[in-house]
Structures are given as C-alpha cells and as structure tokens.
>>> print(open('structure00.txt').read())   # compact mmCIF, C-alpha atoms
# COMPACT_ATOMS: atom_id res chain seq x y z
CA MET F 1 -33.05 24.13 25.45
CA THR F 2 -33.16 22.59 21.97
CA ASP F 3 -30.91 19.57 21.55
CA LEU F 4 -28.10 20.00 19.07
CA LEU F 5 -28.78 18.49 15.66
CA GLU F 6 -26.03 16.11 14.52
CA PHE F 7 -25.41 16.45 10.78
CA TYR F 8 -23.18 14.31 8.56
CA ALA F 9 -22.06 14.98 4.98
CA VAL F 10 -20.00 13.01 2.48
CA GLY F 11 -18.91 13.39 -1.12
CA ASP F 12 -19.61 11.22 -4.16
CA VAL F 13 -21.61 8.02 -3.82
CA GLY F 14 -22.61 5.56 -6.52
CA PRO F 15 -23.14 1.88 -5.68
CA ASN F 16 -23.06 -0.35 -8.76
CA ARG F 17 -23.02 -3.94 -7.55
CA GLU F 18 -25.32 -6.90 -6.98
CA LYS F 19 -25.93 -5.90 -3.34
CA PRO F 20 -25.69 -2.07 -3.35
CA SER F 21 -26.01 -1.73 0.44
CA SER F 22 -22.73 -3.61 0.96
CA ILE F 23 -20.72 -0.54 -0.09
CA PHE F 24 -21.93 1.14 3.14
CA GLN F 25 -21.38 -1.90 5.35
CA TYR F 26 -18.61 -0.27 7.42
CA THR F 27 -19.97 3.29 7.50
CA ALA F 28 -23.77 2.99 7.81
CA PRO F 29 -23.62 2.54 11.63
CA PHE F 30 -21.84 5.90 11.91
CA ILE F 31 -24.16 7.76 9.52
CA GLN F 32 -27.27 6.32 11.14
CA GLN F 33 -26.23 7.85 14.48
CA GLY F 34 -26.85 11.30 13.04
CA ASP F 35 -30.10 13.23 12.82
CA LEU F 36 -29.55 14.40 9.25
CA ALA F 37 -27.16 13.26 6.50
CA PHE F 38 -26.22 14.41 2.99
CA CYS F 39 -24.48 12.80 0.01
CA GLN F 40 -23.78 13.57 -3.65
CA LEU F 41 -25.06 11.01 -6.16
CA GLU F 42 -22.88 10.53 -9.26
CA PRO F 43 -24.57 7.99 -11.60
CA ALA F 44 -28.10 7.85 -12.95
CA LEU F 45 -30.25 5.15 -11.33
CA SER F 46 -32.13 3.55 -14.18
CA ARG F 47 -32.40 0.53 -16.46
CA ARG F 48 -33.37 2.72 -19.43
CA GLY F 49 -31.75 5.16 -21.81
CA SER F 50 -28.83 5.43 -24.22
CA PRO F 51 -25.49 7.12 -23.57
CA LEU F 52 -25.32 10.69 -24.81
CA PRO F 53 -22.44 11.42 -27.21
CA GLN F 54 -20.99 14.17 -25.00
CA ALA F 55 -20.68 11.83 -21.97
CA ARG F 56 -17.00 10.94 -21.44
CA LEU F 57 -17.91 8.12 -19.03
CA SER F 58 -21.57 7.11 -19.05
CA MET F 59 -22.47 6.19 -15.48
CA ARG F 60 -25.64 4.25 -14.68
CA ALA F 61 -26.59 1.97 -11.78
CA ASP F 62 -29.65 0.00 -10.75
CA PRO F 63 -32.52 1.95 -9.12
CA SER F 64 -32.21 -0.34 -6.07
CA SER F 65 -29.19 1.79 -5.13
CA ALA F 66 -31.65 4.43 -3.90
CA GLU F 67 -32.84 2.05 -1.19
CA ALA F 68 -29.23 1.35 -0.19
CA ILE F 69 -28.58 5.09 0.16
CA ARG F 70 -31.63 5.52 2.39
CA GLU F 71 -30.81 2.46 4.49
CA ALA F 72 -27.27 3.79 5.01
CA GLY F 73 -28.79 6.76 6.83
CA PHE F 74 -28.91 9.54 4.26
CA HIS F 75 -31.81 12.00 4.01
CA VAL F 76 -30.75 14.62 1.43
CA VAL F 77 -29.18 13.75 -1.94
CA SER F 78 -27.75 16.12 -4.52
CA PHE F 79 -28.05 14.95 -8.12
CA ALA F 80 -26.33 18.05 -9.51
CA SER F 81 -23.75 15.77 -11.08
CA ASN F 82 -21.80 15.94 -14.33
CA HIS F 83 -23.23 12.47 -15.01
CA CYS F 84 -26.88 13.36 -14.33
CA MET F 85 -27.89 13.25 -18.02
CA ASP F 86 -25.42 10.61 -19.22
CA TRP F 87 -28.24 8.22 -20.21
CA GLY F 88 -30.77 10.79 -21.35
CA ILE F 89 -33.96 12.29 -20.00
CA GLU F 90 -35.68 8.98 -19.24
CA ALA F 91 -32.84 7.77 -17.01
CA PHE F 92 -32.60 11.22 -15.40
CA GLN F 93 -36.29 11.12 -14.44
CA ASP F 94 -36.01 7.50 -13.30
CA THR F 95 -33.29 8.62 -10.90
CA LEU F 96 -35.44 11.35 -9.38
CA ASP F 97 -38.35 8.91 -9.08
CA ALA F 98 -36.19 6.21 -7.45
CA LEU F 99 -34.80 8.64 -4.86
CA LYS F 100 -38.19 10.15 -4.05
CA ALA F 101 -39.77 6.68 -3.75
CA GLN F 102 -37.34 6.12 -0.86
CA GLN F 103 -38.41 9.42 0.77
CA LEU F 104 -35.00 10.91 -0.03
CA GLN F 105 -35.00 14.68 -0.54
CA VAL F 106 -33.41 15.61 -3.90
CA ILE F 107 -31.62 18.89 -4.53
CA GLY F 108 -29.87 20.44 -7.51
CA ALA F 109 -31.86 18.64 -10.23
CA GLY F 110 -35.37 18.77 -11.59
CA ARG F 111 -37.82 18.81 -14.48
CA HIS F 112 -37.03 22.49 -15.10
CA ILE F 113 -34.74 25.19 -13.74
CA ASP F 114 -37.06 26.36 -10.96
CA GLU F 115 -37.30 22.82 -9.60
CA ALA F 116 -33.53 22.30 -9.88
CA ARG F 117 -32.84 25.50 -7.92
CA ALA F 118 -35.51 24.92 -5.28
CA PRO F 119 -34.26 24.41 -1.72
CA VAL F 120 -35.09 21.49 0.50
CA ILE F 121 -35.77 22.64 4.05
CA MET F 122 -35.60 20.02 6.79
CA ARG F 123 -36.87 20.71 10.30
CA VAL F 124 -35.11 18.48 12.83
CA LYS F 125 -34.99 18.95 16.62
CA GLY F 126 -36.51 22.39 16.22
CA THR F 127 -33.82 23.55 13.75
CA ARG F 128 -34.55 24.40 10.12
CA VAL F 129 -31.75 23.45 7.72
CA ALA F 130 -31.99 24.49 4.07
CA PHE F 131 -30.08 22.66 1.32
CA LEU F 132 -29.21 23.95 -2.16
CA ALA F 133 -27.06 22.30 -4.84
CA TYR F 134 -25.35 23.48 -8.02
CA ASN F 135 -23.03 22.07 -10.67
CA SER F 136 -20.06 23.70 -12.42
CA ILE F 137 -18.96 20.56 -14.32
CA LEU F 138 -21.38 20.72 -17.23
CA PRO F 139 -21.35 18.77 -20.49
CA GLN F 140 -23.51 20.48 -23.09
CA GLY F 141 -27.23 20.09 -22.45
CA TYR F 142 -26.92 18.81 -18.85
CA TRP F 143 -28.22 21.95 -17.14
CA ALA F 144 -31.90 22.67 -16.63
CA GLU F 145 -33.74 25.48 -18.36
CA SER F 146 -37.32 26.73 -18.14
CA ASP F 147 -38.46 24.06 -20.60
CA ARG F 148 -35.77 21.40 -20.10
CA PRO F 149 -34.83 19.02 -17.27
CA GLY F 150 -31.35 18.89 -15.84
CA CYS F 151 -29.25 20.17 -12.96
CA ALA F 152 -28.84 23.65 -11.48
CA PRO F 153 -25.94 25.30 -13.35
CA LEU F 154 -23.12 27.25 -11.74
CA ARG F 155 -20.95 27.75 -14.79
CA ALA F 156 -17.48 29.28 -14.94
CA HIS F 157 -15.36 30.78 -17.71
CA THR F 158 -11.69 30.03 -18.38
CA LEU F 159 -9.06 32.49 -19.62
CA TYR F 160 -5.52 31.45 -20.62
CA GLU F 161 -2.88 34.17 -20.21
CA GLN F 162 0.49 33.81 -21.88
CA ILE F 163 3.12 34.67 -19.25
CA GLU F 164 6.01 35.53 -21.61
CA HIS F 165 4.47 37.22 -24.61
CA ASP F 166 7.68 37.06 -26.61
CA GLN F 167 8.21 33.32 -25.96
CA PRO F 168 5.83 31.18 -28.07
CA GLY F 169 4.89 27.83 -26.56
CA THR F 170 5.80 28.70 -22.97
CA PRO F 171 3.41 27.88 -20.10
CA CYS F 172 0.42 30.09 -19.40
CA ARG F 173 -1.56 31.18 -16.37
CA VAL F 174 -5.12 29.85 -16.09
CA HIS F 175 -7.75 32.24 -14.78
CA THR F 176 -11.34 31.26 -14.06
CA TYR F 177 -14.31 33.35 -13.05
CA ALA F 178 -17.96 32.70 -12.35
CA HIS F 179 -20.79 33.01 -14.87
CA SER F 180 -22.46 36.19 -13.62
CA GLY F 181 -26.02 35.06 -14.31
CA ASP F 182 -25.61 31.70 -12.59
CA MET F 183 -23.92 33.29 -9.59
CA LYS F 184 -26.66 35.90 -9.30
CA GLY F 185 -29.27 33.14 -9.31
CA MET F 186 -27.42 31.19 -6.61
CA LEU F 187 -27.12 34.25 -4.37
CA GLU F 188 -30.84 34.97 -4.73
CA ASP F 189 -31.60 31.34 -3.83
CA ILE F 190 -29.42 31.55 -0.72
CA GLN F 191 -30.96 34.82 0.43
CA GLN F 192 -34.48 33.45 0.03
CA ALA F 193 -33.60 30.17 1.75
CA LYS F 194 -32.02 32.05 4.66
CA LYS F 195 -35.32 33.83 5.33
CA ARG F 196 -37.01 30.46 5.80
CA SER F 197 -34.33 28.59 7.75
CA ASP F 198 -31.78 28.77 10.53
CA VAL F 199 -28.88 27.30 8.54
CA VAL F 200 -28.18 27.16 4.79
CA VAL F 201 -25.97 24.38 3.40
CA VAL F 202 -24.76 24.81 -0.19
CA SER F 203 -23.49 21.85 -2.20
CA MET F 204 -21.21 22.59 -5.18
CA HIS F 205 -20.09 20.04 -7.77
CA TRP F 206 -16.99 21.84 -9.00
CA GLY F 207 -13.21 21.96 -9.15
CA ILE F 208 -10.32 20.33 -10.99
CA HIS F 209 -10.49 16.56 -10.95
CA PHE F 210 -7.48 14.43 -9.97
CA VAL F 211 -4.97 17.33 -9.97
CA PRO F 212 -3.53 17.39 -6.42
CA ALA F 213 -4.27 20.40 -4.20
CA VAL F 214 -5.10 23.00 -6.89
CA ILE F 215 -8.27 25.04 -6.36
CA ALA F 216 -9.57 27.12 -9.26
CA ASP F 217 -10.14 30.87 -8.89
CA TYR F 218 -13.88 30.60 -9.53
CA GLN F 219 -14.34 28.25 -6.57
CA LYS F 220 -13.17 30.83 -4.06
CA GLU F 221 -15.18 33.53 -5.83
CA LEU F 222 -18.38 31.47 -5.56
CA ALA F 223 -17.75 30.17 -2.04
CA TYR F 224 -17.06 33.62 -0.61
CA ALA F 225 -20.05 35.13 -2.39
CA ALA F 226 -22.32 32.34 -1.14
CA ILE F 227 -21.24 32.89 2.46
CA ASP F 228 -21.60 36.66 2.11
CA ALA F 229 -25.18 36.00 0.92
CA GLY F 230 -26.01 33.88 3.96
CA ALA F 231 -24.65 30.36 3.41
CA ASP F 232 -23.35 28.68 6.55
CA LEU F 233 -21.51 25.69 5.09
CA ILE F 234 -20.05 24.88 1.65
CA LEU F 235 -19.78 21.21 0.65
CA GLY F 236 -17.66 20.69 -2.46
CA HIS F 237 -17.18 17.50 -4.47
CA HIS F 238 -16.36 16.14 -7.96
CA PRO F 239 -12.50 16.07 -8.08
CA HIS F 240 -12.38 12.43 -6.77
CA ILE F 241 -9.59 13.45 -4.41
CA LEU F 242 -9.56 15.61 -1.31
CA LYS F 243 -8.95 19.34 -1.65
CA GLY F 244 -8.22 21.89 1.05
CA ILE F 245 -10.48 23.26 3.78
CA GLU F 246 -10.90 26.96 4.52
CA MET F 247 -12.62 29.07 7.17
CA TYR F 248 -14.10 32.26 5.73
CA LYS F 249 -15.87 34.65 8.10
CA GLY F 250 -16.27 31.79 10.57
CA LYS F 251 -17.88 29.50 7.96
CA ALA F 252 -16.33 26.27 6.71
CA ILE F 253 -15.61 25.62 3.04
CA PHE F 254 -14.81 22.03 2.09
CA TYR F 255 -13.44 22.37 -1.44
CA SER F 256 -13.70 18.63 -2.08
CA LEU F 257 -14.98 15.83 0.12
CA ALA F 258 -13.61 13.35 -2.45
CA ASN F 259 -15.15 9.98 -3.20
CA PHE F 260 -17.01 8.24 -0.40
CA ALA F 261 -18.92 5.19 -1.63
CA LEU F 262 -18.35 5.37 -5.37
CA GLU F 263 -17.53 2.31 -7.42
CA SER F 264 -14.43 2.17 -9.57
CA PRO F 265 -15.04 3.81 -12.97
CA PHE F 266 -14.26 0.44 -14.52
CA THR F 267 -17.53 -0.98 -13.18
CA PHE F 268 -19.32 1.50 -15.46
CA ALA F 269 -17.12 0.94 -18.54
CA GLU F 270 -15.13 -2.27 -18.81
CA ASN F 271 -12.93 -1.05 -21.68
CA LEU F 272 -12.15 2.31 -20.10
CA VAL F 273 -8.35 1.98 -20.22
CA GLN F 274 -8.47 1.89 -24.02
CA LYS F 275 -10.36 5.18 -24.33
CA GLU F 276 -8.39 8.29 -25.24
CA SER F 277 -10.56 10.37 -22.90
CA HIS F 278 -9.49 8.19 -19.96
CA LYS F 279 -5.83 8.48 -20.92
CA GLU F 280 -6.19 12.27 -20.85
CA ILE F 281 -7.62 12.10 -17.33
CA ALA F 282 -4.96 9.64 -16.15
CA ALA F 283 -2.28 12.13 -17.21
CA LEU F 284 -3.54 14.64 -14.61
CA HIS F 285 -2.20 12.77 -11.57
CA PRO F 286 1.39 11.48 -11.19
CA ASP F 287 0.21 8.23 -9.52
CA PHE F 288 -2.40 7.48 -12.18
CA LYS F 289 -0.56 4.80 -14.17
CA GLN F 290 -1.47 4.48 -17.84
CA GLY F 291 -3.28 1.24 -18.55
CA SER F 292 -3.92 0.56 -14.86
CA ARG F 293 -7.35 -0.20 -13.45
CA THR F 294 -6.25 1.29 -10.13
CA LEU F 295 -7.08 4.89 -9.25
CA PRO F 296 -4.40 7.14 -7.68
CA LYS F 297 -3.73 6.55 -3.99
CA ASP F 298 -5.07 10.04 -3.28
CA SER F 299 -8.51 8.80 -4.38
CA LEU F 300 -8.54 6.38 -1.43
CA LYS F 301 -8.39 9.20 1.12
CA SER F 302 -11.68 10.77 2.15
CA ILE F 303 -13.55 12.40 5.02
CA MET F 304 -17.01 12.61 6.53
CA VAL F 305 -18.09 16.02 7.80
CA LYS F 306 -19.82 16.21 11.18
CA CYS F 307 -21.60 19.39 12.32
CA LEU F 308 -23.48 20.23 15.49
CA ILE F 309 -26.31 22.64 14.65
CA SER F 310 -28.82 24.63 16.69
CA PRO F 311 -31.39 27.30 15.75
CA LYS F 312 -28.57 29.82 16.34
CA GLY F 313 -26.45 28.26 13.58
CA ILE F 314 -23.60 25.79 13.17
CA GLU F 315 -21.90 25.50 16.55
CA GLN F 316 -19.18 22.99 15.68
CA VAL F 317 -17.63 21.63 12.50
CA ALA F 318 -15.47 18.52 12.47
CA PHE F 319 -14.54 15.74 10.12
CA LEU F 320 -13.80 12.06 10.45
CA PRO F 321 -10.92 10.72 8.32
CA VAL F 322 -11.93 7.92 5.97
CA MET F 323 -9.99 5.38 3.92
CA ILE F 324 -11.47 3.54 0.95
CA ASP F 325 -10.44 -0.08 0.43
CA GLU F 326 -9.69 -1.99 -2.79
CA TYR F 327 -13.38 -2.88 -3.14
CA SER F 328 -14.47 0.81 -3.02
CA ASP F 329 -15.90 0.40 0.50
CA PRO F 330 -15.20 3.36 2.85
CA HIS F 331 -13.94 2.86 6.42
CA ILE F 332 -14.13 5.42 9.23
CA LEU F 333 -10.69 5.60 10.88
CA SER F 334 -9.90 5.76 14.58
CA ALA F 335 -7.20 8.11 15.85
CA GLU F 336 -5.06 5.07 16.74
CA ASP F 337 -4.95 4.00 13.09
CA GLN F 338 -1.84 5.34 11.33
CA ARG F 339 -4.02 6.05 8.28
CA PHE F 340 -5.89 8.65 10.38
CA ASP F 341 -2.70 10.74 10.52
CA GLU F 342 -2.05 10.03 6.85
CA VAL F 343 -5.38 11.60 5.83
CA LEU F 344 -5.00 14.50 8.27
CA SER F 345 -1.42 15.25 7.17
CA TYR F 346 -2.49 15.16 3.54
CA LEU F 347 -5.30 17.66 4.20
CA LYS F 348 -2.97 19.98 6.08
CA HIS F 349 -0.43 19.83 3.24
CA ILE F 350 -2.85 20.51 0.39
CA SER F 351 -4.57 23.28 2.37
CA GLU F 352 -1.26 24.99 3.08
CA ASP F 353 -0.26 24.55 -0.58
CA GLN F 354 -3.24 26.70 -1.54
CA GLY F 355 -2.68 29.26 1.22
CA LEU F 356 -5.62 28.09 3.34
CA MET F 357 -3.70 27.36 6.57
CA LEU F 358 -6.00 24.72 8.05
CA ASN F 359 -6.22 25.05 11.85
CA VAL F 360 -7.58 21.94 13.59
CA SER F 361 -7.44 19.93 16.78
CA VAL F 362 -7.96 16.20 17.25
CA GLN F 363 -10.56 15.24 19.84
CA GLY F 364 -11.12 11.52 20.11
CA ASN F 365 -11.64 10.22 16.58
CA GLU F 366 -12.75 13.59 15.22
CA VAL F 367 -10.81 16.51 13.76
CA LEU F 368 -12.35 19.82 14.87
CA LEU F 369 -12.03 22.99 12.84
CA GLN F 370 -10.86 25.89 15.00
CA GLY F 371 -12.62 29.24 15.12
CA GLU F 372 -15.80 30.89 16.28
CA LEU F 373 -18.70 29.49 14.25
CA VAL F 374 -21.90 31.00 15.70
CA GLU F 375 -22.07 34.78 15.57
>>> encode(input="structure00.txt", output="structure tokens")
Amino acid sequence: MTDLLEFYAVGDVGPNREKPSSIFQYTAPFIQQGDLAFCQLEPALSRRGSPLPQARLSMRADPSSAEAIREAGFHVVSFASNHCMDWGIEAFQDTLDALKAQQLQVIGAGRHIDEARAPVIMRVKGTRVAFLAYNSILPQGYWAESDRPGCAPLRAHTLYEQIEHDQPGTPCRVHTYAHSGDMKGMLEDIQQAKKRSDVVVVSMHWGIHFVPAVIADYQKELAYAAIDAGADLILGHHPHILKGIEMYKGKAIFYSLANFALESPFTFAENLVQKESHKEIAALHPDFKQGSRTLPKDSLKSIMVKCLISPKGIEQVAFLPVMIDEYSDPHILSAEDQRFDEVLSYLKHISEDQGLMLNVSVQGNEVLLQGELVE
C-alpha cells in the first residue's frame, strides 16, 4: 500500500531582514516533517527595478529570501501576488530566477500567460499532486498576456446596488461576480491538470483585505466552480487576516490562510503611516489604529493546513493554529496553549458569520475538518 503523503500549506510569506531564515525559526521543524509544502510569496525578490506608479505599497526583498523559503521546507511557491510587478519586469524575472535557482516550483506567474497558467505536477510517494495559482487582486498591467509577463488573472467585477432608491446617500449592496473569460480558462486548466494527476490543489489570491469575516460573492462562485471542475482543495490568501473555512461536496475551501511569515508592511515602506493609501486601508478594520505601526490583532492569528493524500485523493484535512509574534515570526500552537482556542474560536465565529458552519474536532494539536473527503 502506498504511504500517505503529508502535505502542508500556508498563506503569505515575505522575509525582509538581514537573516531571512530567522522568520521561520519556530516553524521550519514542523514544515520539514512533511513530504510536500506550499506557500504564497508576496514581495518581489530582487535588487533591481523601480516602483510602478500603480503600486500602493511597493514590496521588494533580497533574493536570498528564496534560499530561506527552501530551507524552511517549502517545495511549491505561488507568485500570483498583487505585488508581483511592483518593481517592474526586471524584478519580476529576478524573482522567478531566484526561486528556480533554489529548485522551488513556481506557479501562477510567468513570462507569458501560458507559462503563468501552467500547472506544476509533483510526484511524491506514488501520488501525483497538481498545483495551479491565480490572482484576483490585480493592479493594472500585473497580469500576464500572450506577449507580456505577469501573473495568472482571475478577475472579478463589482456592482453597487442602491437599496433604497428613493433615499440618496443611503448604504448600498455590493455584488461581485467572476470575469467569465478568466474563469473559463481556470476551469480548463483544472480539467487538464486532473487528467494528469491524482489531486489538484488550486491557490487563489483573492478576497477583501482586513475586513473581518466578509467573503465576496465571486469567491464562492469561483471556488464552487473550481471544485465542480475537479479541484480537490482551495487555498485562499491575500486578506492578511483569517477568513472562514467551508466544505463543498466533500472538498475543503480555505478562504484565507492569512499571513504566515510576512514582514510588517513598514519594513517595505518606512513612511507608510503618512500615506493616504495606507490610511484608507487602516479604516477597514476597527483595531487598525490610525498612525500606528501595529497591524490589527486579527493579523496575528494564522493557520497551517495539513493534508494526508493518497492516489485516491485527499483523505484527511486538518489545520494547526498559529500565532505571529511582534517580530513577524509565526509559532505553531499546542492545544494546551490558550491561544490555540483563541484562533479556533475566531475561525468558528467568522465561518458562522458567513453561513459556513465549520464542523471540526481537535485531535492532539491538530484541528480536523469533519466530513467524507475521498469519494
């Protein structure tokens, strides 16, 4: 019988310090225990380039961060980030080169659209796992085209509906829906990847940053469609806080894995608190104090996904609660730690708030999702 493959996944990473590996000092021993691990890279890894005018926060770190990511135990990295082109094409290509030089498999970004949409298929312990990545958070010019580098787009449209038509200035409903062409491309990618693999993992950089709990309409539309097309696991990130977890047709959807090993935004822009764009973001979360260099407390809560996978599919999905300290270093929590219950209670609350009704059980230091996973 084939041994079960142990797979780990986390959200946003982005070391930006003199010794990049130190950001993983408390978590690398856990990640390295696995057979396969995934993360989402936020900043460009380059010493070159100039900030693009449409970048609200230009994020760039030293290429040595790629080595730190590999040494921490990761194998597959999505660079389908809303910061992927912050420092221009040169820095974008430097990032791909730095990751590949460390034998890291890159998804969701490339020299052209076909490369950005191409799957990475890893064969481990006799199981073939395909990875695809897409980005819905897209400054102009960041997505790849046939003759332009960038990330794989998964755009969405926004519609504002006035609730009381006879009451000017009253609140409105916000509706979002997927870009039909991008969704069609994603579904084709999933169907093709499924033919070549046992399990398909889809990474989506999406959602509403910093706003507690709320999940946009287009996220459910895309997640459900992806699973209907053959995806076995949805890994969401970008909001910088946790969002709810849902089981759909026996498949897990993590709407946001939150930050994992991402430096404070102030390490990328020292004068950030003075920028109007930052003040607009700070207004989204009630704990985000104006003028403060401290992120909301919700941004300190995180998780690490753990799946057991066989050629038949994903047989178990769990997560390990994580807390991020004041230095941006993540810590895996034990069930005896009161912060374990704090993270779990928060996830239950925000899931219920969005009608997801998270059903879990605690086994040791892991939180298992309930439900039949392998058909």
>>> closest_atom_pairs(input="structure00.txt", of="segment 22-110 of chain F", to="segment 149-166 of chain F", cutoff="12 Å", atoms="only C-alpha atoms", output="CSV")
residue,atom,partner,partner_atom,distance
F:Ala44,CA,F:Gly150,CA,11.9
F:Ser78,CA,F:Cys151,CA,9.5
F:Phe79,CA,F:Cys151,CA,7.2
F:Ala80,CA,F:Cys151,CA,5.0
F:Ser81,CA,F:Cys151,CA,7.3
F:Asn82,CA,F:Cys151,CA,8.7
F:His83,CA,F:Cys151,CA,10.0
F:Cys84,CA,F:Gly150,CA,7.3
F:Met85,CA,F:Gly150,CA,7.0
F:Asp86,CA,F:Gly150,CA,10.7
F:Trp87,CA,F:Gly150,CA,11.9
F:Gly88,CA,F:Gly150,CA,9.8
F:Ile89,CA,F:Pro149,CA,7.3
F:Glu90,CA,F:Pro149,CA,10.3
F:Ala91,CA,F:Gly150,CA,11.3
F:Phe92,CA,F:Gly150,CA,7.8
F:Gln93,CA,F:Pro149,CA,8.5
F:Thr95,CA,F:Gly150,CA,11.6
F:Leu96,CA,F:Gly150,CA,10.7
F:Val106,CA,F:Cys151,CA,11.0
F:Ile107,CA,F:Cys151,CA,8.8
F:Gly108,CA,F:Ala152,CA,5.2
F:Ala109,CA,F:Cys151,CA,4.1
F:Gly110,CA,F:Pro149,CA,5.7
>>> residues_around(input="structure00.txt", residues="Ser345 of chain F", least_positions_apart="3", cutoff="12 Å", atoms="all atoms listed in the file", output="PDB file with C-alpha atoms, in the frame of the given file")
ATOM      1  CA  LEU F 242      -9.560  15.610  -1.310  1.00  0.00           C
ATOM      2  CA  GLY F 244      -8.220  21.890   1.050  1.00  0.00           C
ATOM      3  CA  LYS F 301      -8.390   9.200   1.120  1.00  0.00           C
ATOM      4  CA  PRO F 321     -10.920  10.720   8.320  1.00  0.00           C
ATOM      5  CA  GLN F 338      -1.840   5.340  11.330  1.00  0.00           C
ATOM      6  CA  ARG F 339      -4.020   6.050   8.280  1.00  0.00           C
ATOM      7  CA  PHE F 340      -5.890   8.650  10.380  1.00  0.00           C
ATOM      8  CA  ASP F 341      -2.700  10.740  10.520  1.00  0.00           C
ATOM      9  CA  GLU F 342      -2.050  10.030   6.850  1.00  0.00           C
ATOM     10  CA  LYS F 348      -2.970  19.980   6.080  1.00  0.00           C
ATOM     11  CA  HIS F 349      -0.430  19.830   3.240  1.00  0.00           C
ATOM     12  CA  ILE F 350      -2.850  20.510   0.390  1.00  0.00           C
ATOM     13  CA  SER F 351      -4.570  23.280   2.370  1.00  0.00           C
ATOM     14  CA  GLU F 352      -1.260  24.990   3.080  1.00  0.00           C
ATOM     15  CA  LEU F 358      -6.000  24.720   8.050  1.00  0.00           C
ATOM     16  CA  ASN F 359      -6.220  25.050  11.850  1.00  0.00           C
ATOM     17  CA  VAL F 360      -7.580  21.940  13.590  1.00  0.00           C
ATOM     18  CA  VAL F 367     -10.810  16.510  13.760  1.00  0.00           C
TER      19      VAL F 367
END
>>> atom_distance(input="structure00.txt", atom1="atom CA of Glu188 of chain F", atom2="atom CA of Val200 of chain F")
12.6 Å
>>> atom_distance(input="structure00.txt", atom1="atom CA of Lys312 of chain F", atom2="atom CA of Phe131 of chain F")
16.7 Å
>>> atom_distance(input="structure00.txt", atom1="atom CA of Glu246 of chain F", atom2="atom CA of Leu233 of chain F")
10.7 Å
>>> closest_residue(input="structure00.txt", among="F:Phe260, F:Tyr248, F:Phe74, F:Phe7", to="Gln103 of chain F", atoms="all atoms listed in the file")
F:Phe74
>>> residues_near_point(input="structure00.txt", point="(-20.9, 35.5, -10.2)", cutoff="12 Å", atoms="only C-alpha atoms", output="JSON, numbers by chain")
{"F": [153, 154, 155, 156, 157, 176, 177, 178, 179, 180, 181, 182, 183, 184, 185, 186, 187, 188, 217, 218, 219, 220, 221, 222, 223, 224, 225, 226, 229]}
>>> write_last_selection(input="structure00.txt", atoms="C-alpha atoms", output="tab-separated table (two decimals), in the frame of the given file")
chain	number	residue	atom	x	y	z
F	153	PRO	CA	-25.94	25.30	-13.35
F	154	LEU	CA	-23.12	27.25	-11.74
F	155	ARG	CA	-20.95	27.75	-14.79
F	156	ALA	CA	-17.48	29.28	-14.94
F	157	HIS	CA	-15.36	30.78	-17.71
F	176	THR	CA	-11.34	31.26	-14.06
F	177	TYR	CA	-14.31	33.35	-13.05
F	178	ALA	CA	-17.96	32.70	-12.35
F	179	HIS	CA	-20.79	33.01	-14.87
F	180	SER	CA	-22.46	36.19	-13.62
F	181	GLY	CA	-26.02	35.06	-14.31
F	182	ASP	CA	-25.61	31.70	-12.59
F	183	MET	CA	-23.92	33.29	-9.59
F	184	LYS	CA	-26.66	35.90	-9.30
F	185	GLY	CA	-29.27	33.14	-9.31
F	186	MET	CA	-27.42	31.19	-6.61
F	187	LEU	CA	-27.12	34.25	-4.37
F	188	GLU	CA	-30.84	34.97	-4.73
F	217	ASP	CA	-10.14	30.87	-8.89
F	218	TYR	CA	-13.88	30.60	-9.53
F	219	GLN	CA	-14.34	28.25	-6.57
F	220	LYS	CA	-13.17	30.83	-4.06
F	221	GLU	CA	-15.18	33.53	-5.83
F	222	LEU	CA	-18.38	31.47	-5.56
F	223	ALA	CA	-17.75	30.17	-2.04
F	224	TYR	CA	-17.06	33.62	-0.61
F	225	ALA	CA	-20.05	35.13	-2.39
F	226	ALA	CA	-22.32	32.34	-1.14
F	229	ALA	CA	-25.18	36.00	0.92
>>> closest_residue(input="structure00.txt", among="F:Ala282, F:Met204, F:Val211, F:Ala269", to="Ala55 of chain F", atoms="all atoms listed in the file")
F:Ala269
>>> axis_aligned_box(input="structure00.txt", around="segment 186-189 of chain F", padding_each_side="5 Å", output="lines of an AutoDock Vina configuration file")
center_x = -29.4
center_y = 33.1
center_z = -5.2
size_x = 14.5
size_y = 13.8
size_z = 12.8
>>> residues_near_point(input="structure00.txt", point="(-19.0, 5.6, 13.0)", cutoff="10 Å", atoms="only C-alpha atoms", output="list of chain:residue names")
F:Tyr26, F:Thr27, F:Ala28, F:Pro29, F:Phe30, F:Ile31, F:Gln32, F:Gln33, F:Gly34, F:Met304, F:Leu320, F:His331, F:Ile332, F:Leu333, F:Ser334, F:Asn365
>>> residues_around(input="structure00.txt", residues="Ser64 of chain F", least_positions_apart="5", cutoff="12 Å", atoms="all atoms listed in the file", output="MDAnalysis selection string")
chainID F and resid 14:21 44:47 69:71 94:95 97:99 101:102
